[in-house]
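input_32.cif follows (mmCIF, C-alpha atoms and all ligand atoms):
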data_data
#
loop_
_atom_site.label_atom_id
_atom_site.label_comp_id
_atom_site.auth_asym_id
_atom_site.auth_seq_id
_atom_site.Cartn_x
_atom_site.Cartn_y
_atom_site.Cartn_z
CA MET F 1 -4.96 7.64 29.88
CA THR F 2 -5.08 6.06 26.43
CA LYS F 3 -7.45 7.73 23.96
CA LEU F 4 -8.30 7.54 20.27
CA ILE F 5 -8.34 10.86 18.46
CA CYS F 6 -9.67 11.68 15.00
CA ASN F 7 -7.16 13.05 12.54
CA SER F 8 -9.83 15.09 10.74
CA CYS F 9 -12.22 16.52 13.37
CA SER F 10 -10.24 15.87 16.60
CA LYS F 11 -13.14 13.96 18.19
CA VAL F 12 -11.87 11.88 21.11
CA TYR F 13 -12.91 8.28 21.81
CA SER F 14 -12.21 6.12 24.84
CA ALA F 15 -9.79 3.21 24.40
CA ASP F 16 -12.73 0.97 25.41
CA ASP F 17 -14.74 2.10 22.43
CA PRO F 18 -14.81 -0.54 19.66
CA VAL F 19 -14.25 2.00 16.87
CA TRP F 20 -11.82 1.69 13.98
CA ARG F 21 -12.68 4.99 12.30
CA CYS F 22 -14.29 8.25 13.39
CA ASN F 23 -18.00 8.89 12.78
CA CYS F 24 -16.89 11.66 10.41
CA GLY F 25 -14.98 9.09 8.31
CA GLY F 26 -11.56 10.28 9.52
CA ILE F 27 -8.67 8.05 10.57
CA LEU F 28 -8.00 7.58 14.27
CA ASP F 29 -4.68 7.78 16.10
CA ILE F 30 -3.88 6.59 19.58
CA LYS F 31 -2.90 9.17 22.14
CA PHE F 32 -0.75 7.50 24.76
CA THR F 33 2.48 8.52 26.46
CA PRO F 34 4.50 5.52 27.54
CA GLN F 35 6.69 5.72 30.61
CA ILE F 36 9.88 4.17 29.31
CA ASP F 37 12.62 3.13 31.68
CA ILE F 38 15.34 1.36 29.70
CA GLU F 39 17.08 0.16 32.86
CA ASN F 40 13.89 -1.70 33.66
CA ILE F 41 12.92 -3.10 30.32
CA LYS F 42 13.51 -6.66 31.56
CA SER F 43 9.87 -7.62 31.74
CA LYS F 44 8.26 -10.99 32.26
CA PHE F 45 7.38 -11.04 28.56
CA SER F 46 9.56 -12.21 25.69
CA GLY F 47 10.07 -10.91 22.17
CA MET F 48 8.47 -7.60 21.24
CA TRP F 49 6.23 -7.79 24.34
CA LYS F 50 9.32 -7.07 26.45
CA TYR F 51 8.29 -3.46 25.74
CA ARG F 52 5.01 -4.23 27.51
CA ASP F 53 5.03 -0.91 29.38
CA SER F 54 4.91 0.91 26.05
CA ILE F 55 2.00 -1.13 24.64
CA PRO F 56 -1.38 0.21 25.82
CA ILE F 57 -3.22 -3.07 26.39
CA ASP F 58 -4.76 -2.87 29.87
CA ASN F 59 -4.84 -6.46 30.97
CA ASP F 60 -2.00 -9.01 30.65
CA ASN F 61 -4.64 -11.72 30.22
CA SER F 62 -5.72 -10.14 26.94
CA ILE F 63 -2.31 -10.59 25.32
CA ILE F 64 -2.29 -12.86 22.25
CA SER F 65 1.33 -13.68 21.51
CA PHE F 66 3.56 -16.38 20.08
CA GLN F 67 6.55 -14.70 21.79
CA GLU F 68 7.23 -13.07 18.43
CA GLY F 69 9.74 -10.33 17.65
CA LEU F 70 13.26 -9.39 18.68
CA THR F 71 14.29 -10.46 15.20
CA PRO F 72 18.02 -10.49 14.40
CA LEU F 73 19.60 -7.32 13.05
CA LEU F 74 22.16 -8.58 10.54
CA GLU F 75 24.66 -6.59 8.53
CA ILE F 76 24.61 -7.50 4.84
CA GLU F 77 26.45 -6.49 1.68
CA THR F 78 24.59 -4.94 -1.26
CA GLU F 79 25.82 -3.43 -4.54
CA GLY F 80 25.64 -0.10 -2.69
CA GLY F 81 27.65 -1.06 0.39
CA ARG F 82 26.85 -2.42 3.83
CA LEU F 83 23.68 -1.97 5.83
CA PHE F 84 21.73 -3.54 8.67
CA VAL F 85 18.64 -5.60 7.91
CA LYS F 86 16.03 -6.50 10.48
CA GLN F 87 15.02 -10.11 9.77
CA ASP F 88 11.28 -9.58 10.08
CA HIS F 89 10.56 -12.37 7.59
CA LEU F 90 11.28 -14.70 10.52
CA PHE F 91 8.04 -13.91 12.37
CA PRO F 92 5.63 -16.81 13.14
CA THR F 93 3.50 -16.25 10.03
CA GLY F 94 6.45 -15.13 7.91
CA SER F 95 6.06 -11.36 7.91
CA TYR F 96 6.42 -8.29 10.10
CA LYS F 97 2.63 -7.94 10.11
CA ASP F 98 2.67 -10.16 13.21
CA ARG F 99 3.93 -7.15 15.18
CA GLY F 100 0.69 -5.31 14.43
CA ALA F 101 -1.62 -8.33 14.57
CA SER F 102 -0.40 -9.37 18.02
CA VAL F 103 -1.35 -6.00 19.55
CA LEU F 104 -4.50 -5.49 17.47
CA ILE F 105 -5.97 -8.93 18.22
CA SER F 106 -5.02 -8.54 21.90
CA LYS F 107 -7.09 -5.35 21.89
CA VAL F 108 -9.92 -7.14 20.06
CA LYS F 109 -9.91 -9.76 22.82
CA GLU F 110 -9.84 -7.04 25.48
CA LEU F 111 -12.87 -5.38 23.86
CA GLY F 112 -14.77 -8.71 23.98
CA ILE F 113 -15.25 -8.78 20.20
CA THR F 114 -15.89 -12.26 18.78
CA LYS F 115 -15.63 -11.67 15.02
CA VAL F 116 -13.46 -9.44 12.81
CA VAL F 117 -12.99 -8.74 9.11
CA GLU F 118 -9.79 -7.71 7.34
CA ASP F 119 -8.52 -7.18 3.77
CA SER F 120 -4.96 -7.56 2.61
CA SER F 121 -2.58 -8.46 -0.17
CA GLY F 122 -2.04 -11.65 1.84
CA ASN F 123 0.46 -11.17 4.63
CA ALA F 124 -1.64 -9.04 6.99
CA GLY F 125 -4.56 -11.38 6.34
CA ALA F 126 -2.45 -14.40 7.26
CA SER F 127 -1.25 -12.64 10.41
CA VAL F 128 -4.71 -11.61 11.58
CA ALA F 129 -5.99 -15.13 10.81
CA ALA F 130 -3.22 -16.72 12.92
CA TYR F 131 -3.72 -14.46 15.93
CA CYS F 132 -7.51 -14.88 15.70
CA ALA F 133 -6.96 -18.66 15.64
CA LYS F 134 -4.94 -18.40 18.86
CA ALA F 135 -7.52 -16.08 20.44
CA GLY F 136 -10.55 -18.14 19.34
CA ILE F 137 -11.95 -15.19 17.38
CA GLU F 138 -13.85 -15.71 14.14
CA CYS F 139 -12.46 -13.87 11.11
CA ASP F 140 -13.20 -13.21 7.47
CA ILE F 141 -10.25 -12.24 5.27
CA TYR F 142 -10.60 -10.54 1.87
CA VAL F 143 -7.68 -10.81 -0.59
CA PRO F 144 -7.11 -10.23 -4.31
CA GLU F 145 -7.61 -13.38 -6.40
CA SER F 146 -3.99 -13.10 -7.56
CA THR F 147 -2.54 -13.46 -4.03
CA SER F 148 0.39 -15.91 -3.64
CA GLU F 149 -0.72 -19.48 -2.97
CA GLY F 150 1.23 -19.79 0.27
CA LYS F 151 -0.61 -16.82 1.79
CA LEU F 152 -4.01 -18.18 0.68
CA ALA F 153 -3.17 -21.56 2.19
CA GLN F 154 -2.16 -19.99 5.49
CA ILE F 155 -5.35 -17.93 5.78
CA GLU F 156 -7.62 -20.94 5.12
CA LEU F 157 -5.67 -23.39 7.24
CA TYR F 158 -5.62 -21.02 10.21
CA GLY F 159 -9.42 -21.38 10.00
CA ALA F 160 -10.40 -17.98 8.60
CA LYS F 161 -13.11 -17.57 5.98
CA LEU F 162 -11.28 -16.59 2.78
CA HIS F 163 -12.88 -14.25 0.23
CA LYS F 164 -10.94 -14.05 -3.07
CA ILE F 165 -11.83 -10.85 -4.89
CA PRO F 166 -11.26 -10.43 -8.66
CA GLY F 167 -9.39 -7.36 -9.87
CA SER F 168 -7.02 -5.02 -8.14
CA ARG F 169 -6.03 -4.56 -4.48
CA GLU F 170 -8.41 -1.56 -4.44
CA ASN F 171 -11.32 -3.83 -5.49
CA THR F 172 -10.53 -5.97 -2.43
CA ALA F 173 -10.45 -2.88 -0.18
CA GLU F 174 -13.87 -1.89 -1.53
CA ALA F 175 -15.27 -5.42 -1.07
CA VAL F 176 -14.43 -5.55 2.64
CA MET F 177 -16.17 -2.24 3.38
CA ASP F 178 -19.68 -3.76 3.36
CA ALA F 179 -18.57 -6.38 5.86
CA ALA F 180 -16.83 -3.67 7.91
CA GLU F 181 -20.19 -1.90 8.37
CA LYS F 182 -21.48 -4.91 10.33
CA ASN F 183 -18.29 -6.26 11.94
CA TYR F 184 -15.22 -4.92 13.70
CA TYR F 185 -12.67 -4.03 11.03
CA ALA F 186 -9.27 -5.38 12.11
CA SER F 187 -7.67 -3.37 9.34
CA HIS F 188 -3.90 -2.96 9.31
CA SER F 189 -4.26 0.39 7.56
CA TRP F 190 -7.32 1.94 9.29
CA ASN F 191 -7.16 0.43 12.75
CA PRO F 192 -4.83 2.47 15.02
CA TRP F 193 -4.08 -0.45 17.36
CA PHE F 194 -2.06 -2.18 14.62
CA PHE F 195 0.54 0.61 14.77
CA GLN F 196 1.02 0.08 18.51
CA GLY F 197 2.55 -3.24 17.44
CA THR F 198 4.58 -2.16 14.42
CA LYS F 199 6.19 0.56 16.54
CA THR F 200 8.18 -2.15 18.35
CA TYR F 201 10.39 -2.29 15.23
CA ALA F 202 11.88 1.05 16.34
CA TYR F 203 12.32 -0.07 19.96
CA GLU F 204 14.12 -3.24 18.89
CA VAL F 205 16.41 -1.51 16.39
CA CYS F 206 17.42 1.13 18.96
CA GLU F 207 18.04 -1.45 21.67
CA GLN F 208 20.05 -3.65 19.28
CA LEU F 209 22.22 -0.64 18.43
CA GLY F 210 22.85 0.12 22.12
CA TRP F 211 20.08 2.74 22.32
CA ILE F 212 21.76 4.84 19.66
CA PRO F 213 19.30 5.39 16.82
CA PRO F 214 20.36 4.66 13.26
CA ASP F 215 20.95 7.68 11.02
CA ILE F 216 18.78 6.42 8.21
CA VAL F 217 15.90 3.93 8.17
CA ILE F 218 14.63 2.57 4.85
CA LEU F 219 11.18 0.96 4.91
CA PRO F 220 8.40 0.02 2.47
CA ALA F 221 5.41 2.26 1.92
CA GLY F 222 2.29 0.64 0.57
CA ASN F 223 -0.09 1.54 3.38
CA GLY F 224 2.99 2.38 5.44
CA THR F 225 2.04 0.25 8.44
CA LEU F 226 5.65 -0.48 9.34
CA PHE F 227 6.81 2.96 8.24
CA LEU F 228 4.29 4.83 10.41
CA GLY F 229 4.64 2.39 13.28
CA ALA F 230 8.42 2.87 13.26
CA TYR F 231 7.92 6.64 13.21
CA ILE F 232 5.65 6.43 16.28
CA GLY F 233 8.22 4.23 18.04
CA PHE F 234 11.19 6.52 17.32
CA LYS F 235 9.12 9.54 18.36
CA GLU F 236 8.12 7.93 21.66
CA LEU F 237 11.77 7.10 22.38
CA MET F 238 12.79 10.65 21.57
CA ASP F 239 10.00 12.21 23.64
CA ALA F 240 11.06 9.99 26.56
CA GLY F 241 14.62 11.32 26.21
CA ILE F 242 16.08 7.90 25.34
CA ILE F 243 17.26 8.85 21.87
CA GLU F 244 18.24 12.33 20.73
CA THR F 245 16.93 12.31 17.18
CA ILE F 246 14.57 10.44 14.91
CA PRO F 247 16.36 8.82 11.96
CA LYS F 248 15.83 10.12 8.44
CA MET F 249 12.98 7.97 7.22
CA ILE F 250 13.13 6.79 3.61
CA ALA F 251 9.97 5.26 2.09
CA ILE F 252 10.18 2.82 -0.82
CA GLN F 253 7.48 2.38 -3.47
CA THR F 254 7.39 0.55 -6.78
CA GLU F 255 7.36 2.71 -9.95
CA ASN F 256 4.33 0.73 -11.14
CA CYS F 257 2.23 2.01 -8.22
CA ALA F 258 3.73 5.14 -6.70
CA PRO F 259 1.09 7.59 -5.40
CA LEU F 260 3.37 8.80 -2.59
CA TYR F 261 6.51 9.07 -4.69
CA LYS F 262 4.54 11.17 -7.18
CA SER F 263 3.38 13.53 -4.42
CA TYR F 264 6.84 13.71 -2.87
CA THR F 265 8.47 14.68 -6.18
CA ASN F 266 5.73 17.25 -6.84
CA LYS F 267 5.90 18.61 -3.27
CA LEU F 268 2.26 17.73 -2.57
CA ILE F 269 0.97 16.94 0.90
CA GLU F 270 -1.63 14.34 -0.11
CA PRO F 271 -1.22 11.07 -2.03
CA SER F 272 -1.59 11.52 -5.79
CA ILE F 273 -4.34 9.88 -7.80
CA ILE F 274 -2.94 7.04 -9.89
CA GLN F 275 -4.69 6.62 -13.22
CA SER F 276 -3.64 3.04 -13.81
CA VAL F 277 -1.66 0.55 -11.74
CA SER F 278 0.71 -1.69 -13.71
CA ASP F 279 1.48 -5.23 -12.64
CA THR F 280 4.35 -5.44 -10.20
CA LEU F 281 6.42 -8.13 -8.54
CA ALA F 282 5.98 -6.17 -5.31
CA GLU F 283 2.37 -7.19 -4.58
CA GLY F 284 2.65 -6.06 -0.95
CA ILE F 285 3.23 -2.40 -1.77
CA ALA F 286 0.88 -2.04 -4.75
CA ILE F 287 -1.45 0.32 -2.90
CA ALA F 288 -2.98 2.99 -5.13
CA LYS F 289 -4.93 4.77 -2.36
CA PRO F 290 -3.00 4.60 0.92
CA VAL F 291 -5.45 5.44 3.71
CA ARG F 292 -2.71 7.10 5.78
CA GLY F 293 -0.83 8.55 2.81
CA THR F 294 -0.86 12.10 4.17
CA GLN F 295 0.63 10.88 7.47
CA ILE F 296 3.40 9.06 5.58
CA LEU F 297 4.25 12.19 3.58
CA LYS F 298 4.30 14.19 6.81
CA ALA F 299 6.62 11.73 8.55
CA VAL F 300 8.98 11.86 5.56
CA GLU F 301 9.02 15.64 5.73
CA GLN F 302 9.43 15.81 9.50
CA THR F 303 12.43 13.48 9.47
CA ASN F 304 14.03 15.16 6.48
CA GLY F 305 13.53 11.87 4.67
CA GLU F 306 12.78 10.96 1.12
CA ILE F 307 10.62 8.68 -1.05
CA LEU F 308 12.14 6.53 -3.78
CA ALA F 309 10.46 4.34 -6.40
CA VAL F 310 12.09 1.21 -7.83
CA THR F 311 11.73 -0.50 -11.21
CA GLU F 312 10.77 -4.12 -11.80
CA ASN F 313 14.30 -4.84 -13.01
CA GLU F 314 15.81 -3.39 -9.85
CA ILE F 315 13.47 -5.57 -7.77
CA LYS F 316 14.65 -8.67 -9.67
CA THR F 317 18.32 -7.73 -9.32
CA SER F 318 17.97 -7.30 -5.54
CA LEU F 319 15.93 -10.48 -5.25
CA TYR F 320 18.69 -12.53 -6.90
CA SER F 321 21.40 -10.73 -4.98
CA MET F 322 19.73 -11.55 -1.63
CA MET F 323 18.91 -15.13 -2.63
CA LYS F 324 22.55 -15.71 -3.62
CA GLN F 325 23.54 -14.67 -0.09
CA GLY F 326 21.09 -17.19 1.41
CA TYR F 327 18.14 -14.93 2.19
CA TYR F 328 14.87 -16.43 0.91
CA ILE F 329 12.64 -13.37 0.81
CA GLU F 330 9.53 -12.49 -1.13
CA PRO F 331 9.69 -10.06 -4.08
CA THR F 332 8.08 -7.20 -2.11
CA SER F 333 10.96 -7.44 0.38
CA ALA F 334 13.42 -7.32 -2.51
CA ALA F 335 11.80 -4.06 -3.62
CA VAL F 336 12.77 -2.50 -0.28
CA ILE F 337 16.36 -3.70 -0.68
CA ALA F 338 16.39 -2.31 -4.23
CA GLY F 339 15.31 1.04 -2.78
CA ALA F 340 18.03 0.84 -0.14
CA VAL F 341 20.64 0.14 -2.84
CA ASN F 342 19.43 3.13 -4.87
CA TYR F 343 19.70 5.28 -1.76
CA GLN F 344 23.20 4.02 -1.02
CA LYS F 345 24.32 4.74 -4.58
CA LYS F 346 22.73 8.20 -4.60
CA TYR F 347 24.43 9.29 -1.37
CA ARG F 348 27.61 7.20 -1.54
CA GLU F 349 29.93 9.86 -0.07
CA ASP F 350 27.48 11.31 2.45
CA ILE F 351 26.65 8.02 4.12
CA MET F 352 30.18 6.65 4.56
CA ASN F 353 30.02 6.78 8.36
CA LYS F 354 26.28 6.56 8.78
CA THR F 355 24.22 3.69 10.14
CA LEU F 356 21.57 2.53 7.70
CA VAL F 357 18.86 0.08 8.72
CA THR F 358 16.23 -1.60 6.59
CA VAL F 359 14.10 -4.75 6.80
CA PHE F 360 13.25 -8.09 5.21
CA THR F 361 9.47 -7.82 5.45
CA GLY F 362 8.27 -11.20 4.23
CA HIS F 363 9.46 -14.80 3.87
CA GLY F 364 9.96 -16.18 0.37
CA LEU F 365 8.39 -19.54 1.20
CA LYS F 366 4.96 -17.92 1.08
CA GLY F 367 5.52 -16.83 -2.50
CA THR F 368 7.39 -19.78 -3.97
CA ASP F 369 4.81 -20.07 -6.77
CA LYS F 370 5.62 -16.54 -7.91
CA LEU F 371 9.36 -16.89 -7.30
CA LEU F 372 9.44 -19.95 -9.56
CA LYS F 373 7.63 -18.01 -12.28
CA ILE F 374 10.18 -15.20 -12.04
CA ASN F 375 13.04 -17.67 -12.22
CA LYS F 376 11.53 -19.47 -15.22
CA SER F 377 11.09 -16.21 -17.13
CA GLU F 378 14.75 -15.32 -16.50
CA LYS F 379 16.01 -18.56 -18.08
C1 LIG O 401 6.10 -8.52 2.40
C2 LIG O 401 5.54 -7.14 2.53
N1 LIG O 401 6.38 -6.11 2.52
C3 LIG O 401 5.93 -4.85 2.62
C4 LIG O 401 4.59 -4.57 2.70
C5 LIG O 401 4.16 -3.16 2.78
O1 LIG O 401 3.54 -2.83 3.93
P1 LIG O 401 2.66 -1.53 4.09
O2 LIG O 401 1.50 -1.66 3.13
O3 LIG O 401 2.21 -1.55 5.46
O4 LIG O 401 3.50 -0.37 3.76
C6 LIG O 401 3.68 -5.60 2.73
C7 LIG O 401 2.23 -5.33 2.86
O5 LIG O 401 1.40 -6.16 2.65
C8 LIG O 401 4.16 -6.93 2.63
O6 LIG O 401 3.31 -7.97 2.61
ZN ZN O 402 -13.65 12.78 12.97
#

Could the structure of this file be written out as structure tokens, please?
Amino acid sequence: MTKLICNSCSKVYSADDPVWRCNCGGILDIKFTPQIDIENIKSKFSGMWKYRDSIPIDNDNSIISFQEGLTPLLEIETEGGRLFVKQDHLFPTGSYKDRGASVLISKVKELGITKVVEDSSGNAGASVAAYCAKAGIECDIYVPESTSEGKLAQIELYGAKLHKIPGSRENTAEAVMDAAEKNYYASHSWNPWFFQGTKTYAYEVCEQLGWIPPDIVILPAGNGTLFLGAYIGFKELMDAGIIETIPKMIAIQTENCAPLYKSYTNKLIEPSIIQSVSDTLAEGIAIAKPVRGTQILKAVEQTNGEILAVTENEIKTSLYSMMKQGYYIEPTSAAVIAGAVNYQKKYREDIMNKTLVTVFTGHGLKGTDKLLKINKSEK
């Protein structure tokens, strides 16, 4: 039976309970053991929903899907060598957040909720807005004023009510909290159902590699929604005896906002307090107070992984390098590639025969305004 369990006080909630956080203020996780039979994965659903048996939505009629997922896993060349990249910028709204939004909004529908609120740097907001549009659910999305124009346009045109909040990403997170007292909070960081969608990244990667897990997985860590989802997915596959080990999980932050990197280097188990956040090209990972920061640090430790932080110059170099190979990605995605390159260079000898997998998280078309600015300043 699927249950929600509090990470702080261990209180248990039913999966039918419309809660996004524990009464004690703690984060909730979903307790669910999927029965995975890889011989029988051929389901009537396409895309990421082919793993339907591993996604704890009760009723097929609740599923809100654009048949998203099963993105290509392409091998590319970087300055550090070769590695596989999951093309998650090719999702319907242009980012991997659709994995989480599809499952979360399906659950919202199943719970009979008619209005949600969400805050985001833009991509998660656009995703939630699109899936709510398909489900006929009202939604209010809070974003920083500085969000890329393409993301703002998407949110409004999908029919959501857009709230542009002055100041930092943290100001936006604070602004939504009032609304979250009165409405269901479809938060990609707080709400545990989101991670039941992002975990399909791990299922897809393993299946695309013939059910042999990669040795190393390199993913972004702002709030870590893909990172933690992937960890859940790999763990479920290992617990089901389908893969033997969980890959080393490497989390990438930007030097200009690196609360997890700081803790990792200082061997701390909680995210560090950041005194000031500098501007960064990687708007998607500029998260000063990651709600699930302790869980991210734990997953890094448990997989013998690592956290790296990249500079603005490294982000630009990777952005141009990917663009010149024909991949139109947003700067936050380039930050992840920059981290992967740093990892490849650091462990050049050790990773010669290893399989490395990373991701393109977001499509460049959503951030063309910012990409043009970067290009202008380089000339
Ligand atoms: C394009 C892109 N990449 C990476 C991330 C980082 O995701 P997370 O905060 O879940 O770690 C985001 C988050 O908004 C994003 O929009
Ligand atoms: Zn609790």

Can I get the residues of stretch 242-311 of chain F within 12 Å of stretch 23-45 of chain F, each with the closest pair of atoms and their distance in Å to one decimal, using only C-alpha atoms, sorted chain first then ascending number, as a Markdown table?
| residue | atom | partner | partner_atom | distance |
| --- | --- | --- | --- | --- |
| F:Ile242 | CA | F:Ile38 | CA | 7.9 |
| F:Ile243 | CA | F:Ile38 | CA | 11.0 |
| F:Pro290 | CA | F:Ile27 | CA | 11.7 |
| F:Val291 | CA | F:Ile27 | CA | 8.0 |
| F:Arg292 | CA | F:Ile27 | CA | 7.7 |
| F:Gly293 | CA | F:Ile27 | CA | 11.0 |
| F:Thr294 | CA | F:Ile27 | CA | 10.9 |
| F:Gln295 | CA | F:Ile27 | CA | 10.2 |

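With atom CA of F:Lys248 on one side and atom C2 of ligand LIG 401 (chain O) on the other, the separation reads 20.9 Å.
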
Edge lengths and centre in Å to one decimal, as JSON, of the axis-aligned box that encloses all listed atoms of stretch 351-367 of chain F with 3 Å added on every side?
{"center_x": 17.6, "center_y": -5.8, "center_z": 3.8, "size_x": 31.2, "size_y": 33.6, "size_z": 18.6}

**Request:** Within 8 Å of stretch 64-68 of chain F, counting only C-alpha atoms, which residues show up once you throw out same-chain ones fewer than 4 positions away? Write them as a count of residues only, please.
**Result:** 16

- Query: Quick one: residues within 8 Å of ligand LIG 401 (chain O), with only C-alpha atoms and all ligand atoms, as a PyMOL selection string?
  - Reply: chain F and resi 89+95-97+120-124+188-189+219-227+282-287+330-333+336+360-363

Between F:Leu74, F:Leu111, F:Ile5, F:Leu319, smallest distance to F:Lys86 by all atoms listed in the file belongs to F:Leu74

If you count all atoms listed in the file, the residue of F:Glu314, F:Asp215, F:Glu145, F:Asp88 closest to F:Thr198 turns out to be F:Asp88

F:Phe234 proximity check over F:Ala101, F:Ala186, F:Val205, F:Ile250, using only C-alpha atoms: winner is F:Val205

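Here the selection is built from all atoms listed in the file, and the residues within 9 Å of (-7.6, -5.4, 7.5) turn out to be Val116, Val117, Glu118, Asp119, Ser120, Ala124, Gly125, Val128, Ile141, Tyr142, Ala173, Val176, Tyr185, Ala186, Ser187, His188, Ser189, Trp190 and Asn191 of chain F.
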
Store the residues of this selection in a file with C-alpha atoms, as a PDB file, in the frame of the given file.
ATOM      1  CA  VAL F 116     -13.460  -9.440  12.810  1.00  0.00           C
ATOM      2  CA  VAL F 117     -12.990  -8.740   9.110  1.00  0.00           C
ATOM      3  CA  GLU F 118      -9.790  -7.710   7.340  1.00  0.00           C
ATOM      4  CA  ASP F 119      -8.520  -7.180   3.770  1.00  0.00           C
ATOM      5  CA  SER F 120      -4.960  -7.560   2.610  1.00  0.00           C
ATOM      6  CA  ALA F 124      -1.640  -9.040   6.990  1.00  0.00           C
ATOM      7  CA  GLY F 125      -4.560 -11.380   6.340  1.00  0.00           C
ATOM      8  CA  VAL F 128      -4.710 -11.610  11.580  1.00  0.00           C
ATOM      9  CA  ILE F 141     -10.250 -12.240   5.270  1.00  0.00           C
ATOM     10  CA  TYR F 142     -10.600 -10.540   1.870  1.00  0.00           C
ATOM     11  CA  ALA F 173     -10.450  -2.880  -0.180  1.00  0.00           C
ATOM     12  CA  VAL F 176     -14.430  -5.550   2.640  1.00  0.00           C
ATOM     13  CA  TYR F 185     -12.670  -4.030  11.030  1.00  0.00           C
ATOM     14  CA  ALA F 186      -9.270  -5.380  12.110  1.00  0.00           C
ATOM     15  CA  SER F 187      -7.670  -3.370   9.340  1.00  0.00           C
ATOM     16  CA  HIS F 188      -3.900  -2.960   9.310  1.00  0.00           C
ATOM     17  CA  SER F 189      -4.260   0.390   7.560  1.00  0.00           C
ATOM     18  CA  TRP F 190      -7.320   1.940   9.290  1.00  0.00           C
ATOM     19  CA  ASN F 191      -7.160   0.430  12.750  1.00  0.00           C
TER      20      ASN F 191
END

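If you look at atom CA of F:Asn342 and atom CA of F:Lys370, they are 24.2 Å away from each other.
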
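Atom CA of F:Ile55 is found 7.5 Å from atom CA of F:Gly197.
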
Please identify all polymer residues within 7 Å of F:Leu356, counting only C-alpha atoms, omitting same-chain residues fewer than 3 positions from it, and present them as a PDB file with C-alpha atoms, keeping the file's coordinate frame.
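selection27.pdb, written as the output of this step:
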ATOM      1  CA  LEU F  83      23.680  -1.970   5.830  1.00  0.00           C
ATOM      2  CA  PHE F  84      21.730  -3.540   8.670  1.00  0.00           C
ATOM      3  CA  PRO F 214      20.360   4.660  13.260  1.00  0.00           C
ATOM      4  CA  ASP F 215      20.950   7.680  11.020  1.00  0.00           C
ATOM      5  CA  ILE F 216      18.780   6.420   8.210  1.00  0.00           C
ATOM      6  CA  VAL F 217      15.900   3.930   8.170  1.00  0.00           C
TER       7      VAL F 217
END

| task | Identify, on the basis of all atoms listed in the file, every residue whose closest approach to F:Glu110 does not exceed 12 Å; exclude the query and any residue fewer than 5 positions from it along the same chain; express the result as a PyMOL selection string. | result | chain F and resi 15-18+56-64+103-105+135+137+193

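Using only C-alpha atoms, the contacts of stretch 344-346 of chain F at a cut-off of 10 Å, with sequence neighbours closer than 6 positions omitted, comprise Thr78, Glu79, Gly80, Gly81, Arg82, Leu83, Ala338, Met352 and Leu356 of chain F.
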
Counting all atoms listed in the file, closest pick from F:Leu70, F:Ile252, F:Ile232, F:Ile329 relative to F:Ala299 is F:Ile232

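Distances from F:Val12, F:Ile246, F:Ile351, F:Ile337 to ligand ZN 402 (chain O) were compared using all atoms listed in the file, and the smallest one belongs to F:Val12.
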
Written record: stretch 266-276 of chain F, N, CA and C atoms, as a PDB file, in the first residue's frame:
ATOM      1  N   ASN F 266      32.898  20.709   3.144  1.00  0.00           N
ATOM      2  CA  ASN F 266      33.158  20.836   4.592  1.00  0.00           C
ATOM      3  C   ASN F 266      32.660  19.633   5.384  1.00  0.00           C
ATOM      4  N   LYS F 267      32.249  18.593   4.655  1.00  0.00           N
ATOM      5  CA  LYS F 267      31.753  17.342   5.273  1.00  0.00           C
ATOM      6  C   LYS F 267      30.586  17.593   6.246  1.00  0.00           C
ATOM      7  N   LEU F 268      29.669  18.460   5.837  1.00  0.00           N
ATOM      8  CA  LEU F 268      28.485  18.736   6.660  1.00  0.00           C
ATOM      9  C   LEU F 268      27.301  17.952   6.100  1.00  0.00           C
ATOM     10  N   ILE F 269      26.318  17.666   6.968  1.00  0.00           N
ATOM     11  CA  ILE F 269      25.216  16.847   6.479  1.00  0.00           C
ATOM     12  C   ILE F 269      23.966  17.663   6.138  1.00  0.00           C
ATOM     13  N   GLU F 270      24.045  18.988   6.367  1.00  0.00           N
ATOM     14  CA  GLU F 270      22.918  19.848   6.007  1.00  0.00           C
ATOM     15  C   GLU F 270      23.393  20.933   5.057  1.00  0.00           C
ATOM     16  N   PRO F 271      22.482  21.482   4.224  1.00  0.00           N
ATOM     17  CA  PRO F 271      22.907  22.540   3.307  1.00  0.00           C
ATOM     18  C   PRO F 271      23.444  23.752   4.068  1.00  0.00           C
ATOM     19  N   SER F 272      24.480  24.373   3.544  1.00  0.00           N
ATOM     20  CA  SER F 272      25.078  25.535   4.210  1.00  0.00           C
ATOM     21  C   SER F 272      24.251  26.784   3.946  1.00  0.00           C
ATOM     22  N   ILE F 273      24.366  27.721   4.879  1.00  0.00           N
ATOM     23  CA  ILE F 273      23.698  29.018   4.686  1.00  0.00           C
ATOM     24  C   ILE F 273      24.561  29.838   3.724  1.00  0.00           C
ATOM     25  N   ILE F 274      23.923  30.399   2.720  1.00  0.00           N
ATOM     26  CA  ILE F 274      24.645  31.230   1.757  1.00  0.00           C
ATOM     27  C   ILE F 274      24.375  32.689   2.109  1.00  0.00           C
ATOM     28  N   GLN F 275      25.427  33.433   2.329  1.00  0.00           N
ATOM     29  CA  GLN F 275      25.244  34.837   2.745  1.00  0.00           C
ATOM     30  C   GLN F 275      24.687  35.678   1.605  1.00  0.00           C
ATOM     31  N   SER F 276      25.291  35.542   0.418  1.00  0.00           N
ATOM     32  CA  SER F 276      24.749  36.311  -0.706  1.00  0.00           C
ATOM     33  C   SER F 276      24.843  35.466  -1.971  1.00  0.00           C
TER      34      SER F 276
END
